[in-house]
Amino acid sequence: GEPSPVAAPAVSAAAVATAGRTREELRALAESAAVELAEASAEEALAWTEQTFGDSWIVASNMQDAVLIDLAVKVRPDVDVLFLETGYHFAETIGTRDAVATVYPRVRIVNALPDQTVAEQDAAEGPRLHERDPDRCCFLRKVVPLRRTLAGYAAWVTGVRRVDAPTRANTPIVQWDERNGLVKVNPIAAWSDERFNDYIHTHGVLENPLVAAGYPSIGCAPCTAKPLPGADARSGRWAGRGKTECGLHG
Ligand code: SF4
């Protein structure tokens, strides 16, 4: 069935979190920044984010690596980091999250939890919903917790890159996120794989050990496979299930 809508956050909390800006003001900000920062470097995009939003922005990470976190702590050492704790992660991914907390002790990791544990979801929806209806499973375990967490912020920062997949080829540096009602910043959207790997090696940035084991795009364990030779990095996600995105970046 149709997923049910998520309750809106309390108005007072949202107003405080967005530094007093209304949704329309945030939208206008995003639209002008999209033009002004169209060619901005990652450092410029993050500096703008910090100057504009202060403590009301959060960095999303799937704990595949800490590149975005490493860039973000340069402008805000105690930046908030959002991790969607779906209950289905590889042990290596949880280990990477915990290593991030050690390497960057000032960051605040926000574990966004679904309403139900995996066991509760199995009881309510039947087991292995991710096999039968991955869109619904992602809705319950990623989309809803993401929306609920983002309701407390004016902007979120993602590691989406244009080269990740054809669906991401037009990713802008700054955009308005209509569904979640806040500004979305993609500082490394224009980075090539070479640039990205260079940054990891030059700065000794943490990387999930599964990357070296042949997984270039890491999500929940039941929905992540190694891509076939020559296929794009995200092709191992929900392989064979006709799904390419979790609905977070659509
Ligand atoms: Fe469920 Fe798979 Fe989506 Fe994770 S990636 S929330 S297990 S469908």
# chains A, B, ... in the order shown; residues from 1 in each chain; ligands from 1
$ residues_near_ligand --ligand "ligand 1" --cutoff "9 Å" --atoms "only C-alpha atoms and all ligand atoms" --output "PyMOL selection string"
chain A and resi 86-89+128-143+219-224+237-238+245-246
$ select_by_dssp --residues "stretch 20-118 of chain A" --states "strand (DSSP E or B)" --output "ChimeraX atom specification"
/A:57-60,65,80-84,108-112
$ closest_residue --among "A:Glu44, A:Glu31, A:Asp98, A:Glu50" --to "A:Ala66" --atoms "only C-alpha atoms"
A:Asp98
$ closest_residue --among "A:Trp57, A:Val185, A:Ala233, A:Thr49" --to "A:Thr167" --atoms "only C-alpha atoms"
A:Ala233
$ atom_distance --atom1 "atom CA of A:Val157" --atom2 "atom CA of A:Ala212"
25.1 Å
$ decode --residues "stretch 98-246 of chain A" --atoms "C-alpha atoms" --output "PDB file, in the first residue's frame"
ATOM      1  CA  ASP A  98      32.820   3.490  15.493  1.00  0.00           C
ATOM      2  CA  ALA A  99      36.261   4.207  14.037  1.00  0.00           C
ATOM      3  CA  VAL A 100      34.987   7.598  12.826  1.00  0.00           C
ATOM      4  CA  ALA A 101      33.953   8.379  16.401  1.00  0.00           C
ATOM      5  CA  THR A 102      37.493   7.555  17.552  1.00  0.00           C
ATOM      6  CA  VAL A 103      39.368   9.411  14.804  1.00  0.00           C
ATOM      7  CA  TYR A 104      37.095  12.479  14.999  1.00  0.00           C
ATOM      8  CA  PRO A 105      36.200  12.529  18.711  1.00  0.00           C
ATOM      9  CA  ARG A 106      34.448  15.889  18.505  1.00  0.00           C
ATOM     10  CA  VAL A 107      31.884  14.943  15.862  1.00  0.00           C
ATOM     11  CA  ARG A 108      28.432  14.014  17.090  1.00  0.00           C
ATOM     12  CA  ILE A 109      27.157  10.874  15.376  1.00  0.00           C
ATOM     13  CA  VAL A 110      23.377  10.889  15.110  1.00  0.00           C
ATOM     14  CA  ASN A 111      22.101   7.332  14.651  1.00  0.00           C
ATOM     15  CA  ALA A 112      18.728   7.671  12.936  1.00  0.00           C
ATOM     16  CA  LEU A 113      16.651   4.660  13.988  1.00  0.00           C
ATOM     17  CA  PRO A 114      13.532   3.250  12.342  1.00  0.00           C
ATOM     18  CA  ASP A 115      10.340   3.035  14.427  1.00  0.00           C
ATOM     19  CA  GLN A 116      10.625  -0.749  14.518  1.00  0.00           C
ATOM     20  CA  THR A 117      13.521  -3.101  15.173  1.00  0.00           C
ATOM     21  CA  VAL A 118      14.145  -5.702  12.455  1.00  0.00           C
ATOM     22  CA  ALA A 119      12.340  -8.275  14.645  1.00  0.00           C
ATOM     23  CA  GLU A 120       9.337  -5.968  15.112  1.00  0.00           C
ATOM     24  CA  GLN A 121       9.204  -5.244  11.385  1.00  0.00           C
ATOM     25  CA  ASP A 122       9.384  -8.980  10.616  1.00  0.00           C
ATOM     26  CA  ALA A 123       6.426  -9.543  12.944  1.00  0.00           C
ATOM     27  CA  ALA A 124       4.405  -6.668  11.462  1.00  0.00           C
ATOM     28  CA  GLU A 125       5.251  -7.009   7.764  1.00  0.00           C
ATOM     29  CA  GLY A 126       6.488 -10.585   7.434  1.00  0.00           C
ATOM     30  CA  PRO A 127      10.146 -11.604   7.217  1.00  0.00           C
ATOM     31  CA  ARG A 128      12.595 -10.372   4.563  1.00  0.00           C
ATOM     32  CA  LEU A 129      10.575  -7.371   3.460  1.00  0.00           C
ATOM     33  CA  HIS A 130      13.766  -6.243   1.673  1.00  0.00           C
ATOM     34  CA  GLU A 131      13.309  -9.158  -0.754  1.00  0.00           C
ATOM     35  CA  ARG A 132       9.575  -8.762  -1.297  1.00  0.00           C
ATOM     36  CA  ASP A 133       9.178  -4.990  -1.264  1.00  0.00           C
ATOM     37  CA  PRO A 134      12.518  -3.191  -0.952  1.00  0.00           C
ATOM     38  CA  ASP A 135      10.878   0.192  -1.602  1.00  0.00           C
ATOM     39  CA  ARG A 136       8.719  -0.234   1.482  1.00  0.00           C
ATOM     40  CA  CYS A 137      11.630  -1.571   3.536  1.00  0.00           C
ATOM     41  CA  CYS A 138      13.750   1.469   2.532  1.00  0.00           C
ATOM     42  CA  PHE A 139      10.808   3.753   3.246  1.00  0.00           C
ATOM     43  CA  LEU A 140      10.408   2.389   6.776  1.00  0.00           C
ATOM     44  CA  ARG A 141      14.099   2.016   7.622  1.00  0.00           C
ATOM     45  CA  LYS A 142      15.706   4.931   5.737  1.00  0.00           C
ATOM     46  CA  VAL A 143      13.306   7.501   4.303  1.00  0.00           C
ATOM     47  CA  VAL A 144      11.201   8.020   7.453  1.00  0.00           C
ATOM     48  CA  PRO A 145      14.131   8.161   9.915  1.00  0.00           C
ATOM     49  CA  LEU A 146      15.990  10.492   7.528  1.00  0.00           C
ATOM     50  CA  ARG A 147      13.035  12.868   7.247  1.00  0.00           C
ATOM     51  CA  ARG A 148      12.502  12.868  10.995  1.00  0.00           C
ATOM     52  CA  THR A 149      16.164  13.668  11.663  1.00  0.00           C
ATOM     53  CA  LEU A 150      16.455  16.331   8.966  1.00  0.00           C
ATOM     54  CA  ALA A 151      13.421  18.142  10.391  1.00  0.00           C
ATOM     55  CA  GLY A 152      15.799  19.514  13.017  1.00  0.00           C
ATOM     56  CA  TYR A 153      18.187  21.131  10.501  1.00  0.00           C
ATOM     57  CA  ALA A 154      18.325  23.868   7.867  1.00  0.00           C
ATOM     58  CA  ALA A 155      20.704  21.994   5.556  1.00  0.00           C
ATOM     59  CA  TRP A 156      22.189  18.559   4.967  1.00  0.00           C
ATOM     60  CA  VAL A 157      25.408  17.666   3.241  1.00  0.00           C
ATOM     61  CA  THR A 158      25.807  14.503   1.183  1.00  0.00           C
ATOM     62  CA  GLY A 159      28.618  12.667  -0.576  1.00  0.00           C
ATOM     63  CA  VAL A 160      26.626  12.104  -3.775  1.00  0.00           C
ATOM     64  CA  ARG A 161      28.846  12.285  -6.863  1.00  0.00           C
ATOM     65  CA  ARG A 162      27.862  12.591 -10.526  1.00  0.00           C
ATOM     66  CA  VAL A 163      30.002   9.611 -11.474  1.00  0.00           C
ATOM     67  CA  ASP A 164      28.249   7.287  -8.994  1.00  0.00           C
ATOM     68  CA  ALA A 165      25.575   6.302 -11.510  1.00  0.00           C
ATOM     69  CA  PRO A 166      23.674   7.683 -14.528  1.00  0.00           C
ATOM     70  CA  THR A 167      20.825   8.724 -12.188  1.00  0.00           C
ATOM     71  CA  ARG A 168      23.250  11.107 -10.454  1.00  0.00           C
ATOM     72  CA  ALA A 169      24.892  12.689 -13.505  1.00  0.00           C
ATOM     73  CA  ASN A 170      23.201  16.076 -13.000  1.00  0.00           C
ATOM     74  CA  THR A 171      23.703  16.443  -9.251  1.00  0.00           C
ATOM     75  CA  PRO A 172      24.184  20.156  -8.408  1.00  0.00           C
ATOM     76  CA  ILE A 173      26.474  21.487  -5.663  1.00  0.00           C
ATOM     77  CA  VAL A 174      23.525  23.143  -3.891  1.00  0.00           C
ATOM     78  CA  GLN A 175      19.834  22.354  -4.308  1.00  0.00           C
ATOM     79  CA  TRP A 176      16.492  22.672  -2.602  1.00  0.00           C
ATOM     80  CA  ASP A 177      15.265  19.374  -1.129  1.00  0.00           C
ATOM     81  CA  GLU A 178      11.535  19.727  -1.549  1.00  0.00           C
ATOM     82  CA  ARG A 179      10.551  16.465   0.106  1.00  0.00           C
ATOM     83  CA  ASN A 180      12.504  17.051   3.297  1.00  0.00           C
ATOM     84  CA  GLY A 181      12.071  20.835   3.274  1.00  0.00           C
ATOM     85  CA  LEU A 182      15.686  21.920   3.696  1.00  0.00           C
ATOM     86  CA  VAL A 183      18.785  22.865   1.719  1.00  0.00           C
ATOM     87  CA  LYS A 184      20.870  20.007   0.296  1.00  0.00           C
ATOM     88  CA  VAL A 185      24.587  20.499  -0.351  1.00  0.00           C
ATOM     89  CA  ASN A 186      26.639  18.039  -2.403  1.00  0.00           C
ATOM     90  CA  PRO A 187      30.199  19.405  -2.041  1.00  0.00           C
ATOM     91  CA  ILE A 188      31.963  16.591  -3.922  1.00  0.00           C
ATOM     92  CA  ALA A 189      29.363  16.173  -6.672  1.00  0.00           C
ATOM     93  CA  ALA A 190      31.927  17.028  -9.362  1.00  0.00           C
ATOM     94  CA  TRP A 191      34.724  14.809  -8.037  1.00  0.00           C
ATOM     95  CA  SER A 192      36.040  12.013 -10.248  1.00  0.00           C
ATOM     96  CA  ASP A 193      36.979   8.635  -8.780  1.00  0.00           C
ATOM     97  CA  GLU A 194      40.638   9.585  -9.193  1.00  0.00           C
ATOM     98  CA  ARG A 195      40.202  12.826  -7.259  1.00  0.00           C
ATOM     99  CA  PHE A 196      38.287  10.977  -4.574  1.00  0.00           C
ATOM    100  CA  ASN A 197      40.871   8.210  -4.169  1.00  0.00           C
ATOM    101  CA  ASP A 198      43.638  10.784  -4.189  1.00  0.00           C
ATOM    102  CA  TYR A 199      42.001  12.544  -1.241  1.00  0.00           C
ATOM    103  CA  ILE A 200      41.737   9.269   0.677  1.00  0.00           C
ATOM    104  CA  HIS A 201      45.403   8.450   0.170  1.00  0.00           C
ATOM    105  CA  THR A 202      46.808  11.970   0.615  1.00  0.00           C
ATOM    106  CA  HIS A 203      44.928  12.525   3.882  1.00  0.00           C
ATOM    107  CA  GLY A 204      44.954   8.935   5.153  1.00  0.00           C
ATOM    108  CA  VAL A 205      41.169   8.948   5.431  1.00  0.00           C
ATOM    109  CA  LEU A 206      39.294   6.025   6.966  1.00  0.00           C
ATOM    110  CA  GLU A 207      37.696   3.670   4.511  1.00  0.00           C
ATOM    111  CA  ASN A 208      35.284   0.804   5.094  1.00  0.00           C
ATOM    112  CA  PRO A 209      37.304  -2.417   4.608  1.00  0.00           C
ATOM    113  CA  LEU A 210      34.584  -3.709   2.294  1.00  0.00           C
ATOM    114  CA  VAL A 211      35.727  -1.222  -0.378  1.00  0.00           C
ATOM    115  CA  ALA A 212      39.085  -3.009  -0.672  1.00  0.00           C
ATOM    116  CA  ALA A 213      37.162  -6.295  -0.664  1.00  0.00           C
ATOM    117  CA  GLY A 214      35.419  -5.291  -3.904  1.00  0.00           C
ATOM    118  CA  TYR A 215      32.306  -3.391  -2.858  1.00  0.00           C
ATOM    119  CA  PRO A 216      32.427   0.109  -4.393  1.00  0.00           C
ATOM    120  CA  SER A 217      28.959   1.082  -3.100  1.00  0.00           C
ATOM    121  CA  ILE A 218      27.932  -0.105   0.338  1.00  0.00           C
ATOM    122  CA  GLY A 219      24.433  -0.208   1.749  1.00  0.00           C
ATOM    123  CA  CYS A 220      22.509  -2.702   3.866  1.00  0.00           C
ATOM    124  CA  ALA A 221      24.036  -6.190   3.784  1.00  0.00           C
ATOM    125  CA  PRO A 222      21.023  -8.009   2.245  1.00  0.00           C
ATOM    126  CA  CYS A 223      20.857  -5.463  -0.590  1.00  0.00           C
ATOM    127  CA  THR A 224      24.535  -5.037  -1.458  1.00  0.00           C
ATOM    128  CA  ALA A 225      26.422  -7.246  -3.915  1.00  0.00           C
ATOM    129  CA  LYS A 226      29.665  -6.839  -5.839  1.00  0.00           C
ATOM    130  CA  PRO A 227      28.983  -5.241  -9.232  1.00  0.00           C
ATOM    131  CA  LEU A 228      29.740  -7.240 -12.359  1.00  0.00           C
ATOM    132  CA  PRO A 229      32.988  -6.283 -14.154  1.00  0.00           C
ATOM    133  CA  GLY A 230      32.496  -3.074 -16.127  1.00  0.00           C
ATOM    134  CA  ALA A 231      29.176  -2.178 -14.487  1.00  0.00           C
ATOM    135  CA  ASP A 232      28.745   1.114 -12.580  1.00  0.00           C
ATOM    136  CA  ALA A 233      29.595   1.246  -8.897  1.00  0.00           C
ATOM    137  CA  ARG A 234      26.005   1.313  -7.669  1.00  0.00           C
ATOM    138  CA  SER A 235      24.857  -1.612  -9.833  1.00  0.00           C
ATOM    139  CA  GLY A 236      25.406  -4.025  -6.948  1.00  0.00           C
ATOM    140  CA  ARG A 237      22.740  -2.270  -4.883  1.00  0.00           C
ATOM    141  CA  TRP A 238      19.399  -4.165  -4.935  1.00  0.00           C
ATOM    142  CA  ALA A 239      20.850  -6.161  -7.843  1.00  0.00           C
ATOM    143  CA  GLY A 240      18.154  -8.022  -9.773  1.00  0.00           C
ATOM    144  CA  ARG A 241      15.323  -6.248  -7.966  1.00  0.00           C
ATOM    145  CA  GLY A 242      14.697  -3.424 -10.457  1.00  0.00           C
ATOM    146  CA  LYS A 243      15.655  -0.793  -7.884  1.00  0.00           C
ATOM    147  CA  THR A 244      18.628   1.562  -8.009  1.00  0.00           C
ATOM    148  CA  GLU A 245      18.016   4.195  -5.322  1.00  0.00           C
ATOM    149  CA  CYS A 246      16.808   4.042  -1.735  1.00  0.00           C
TER     150      CYS A 246
END
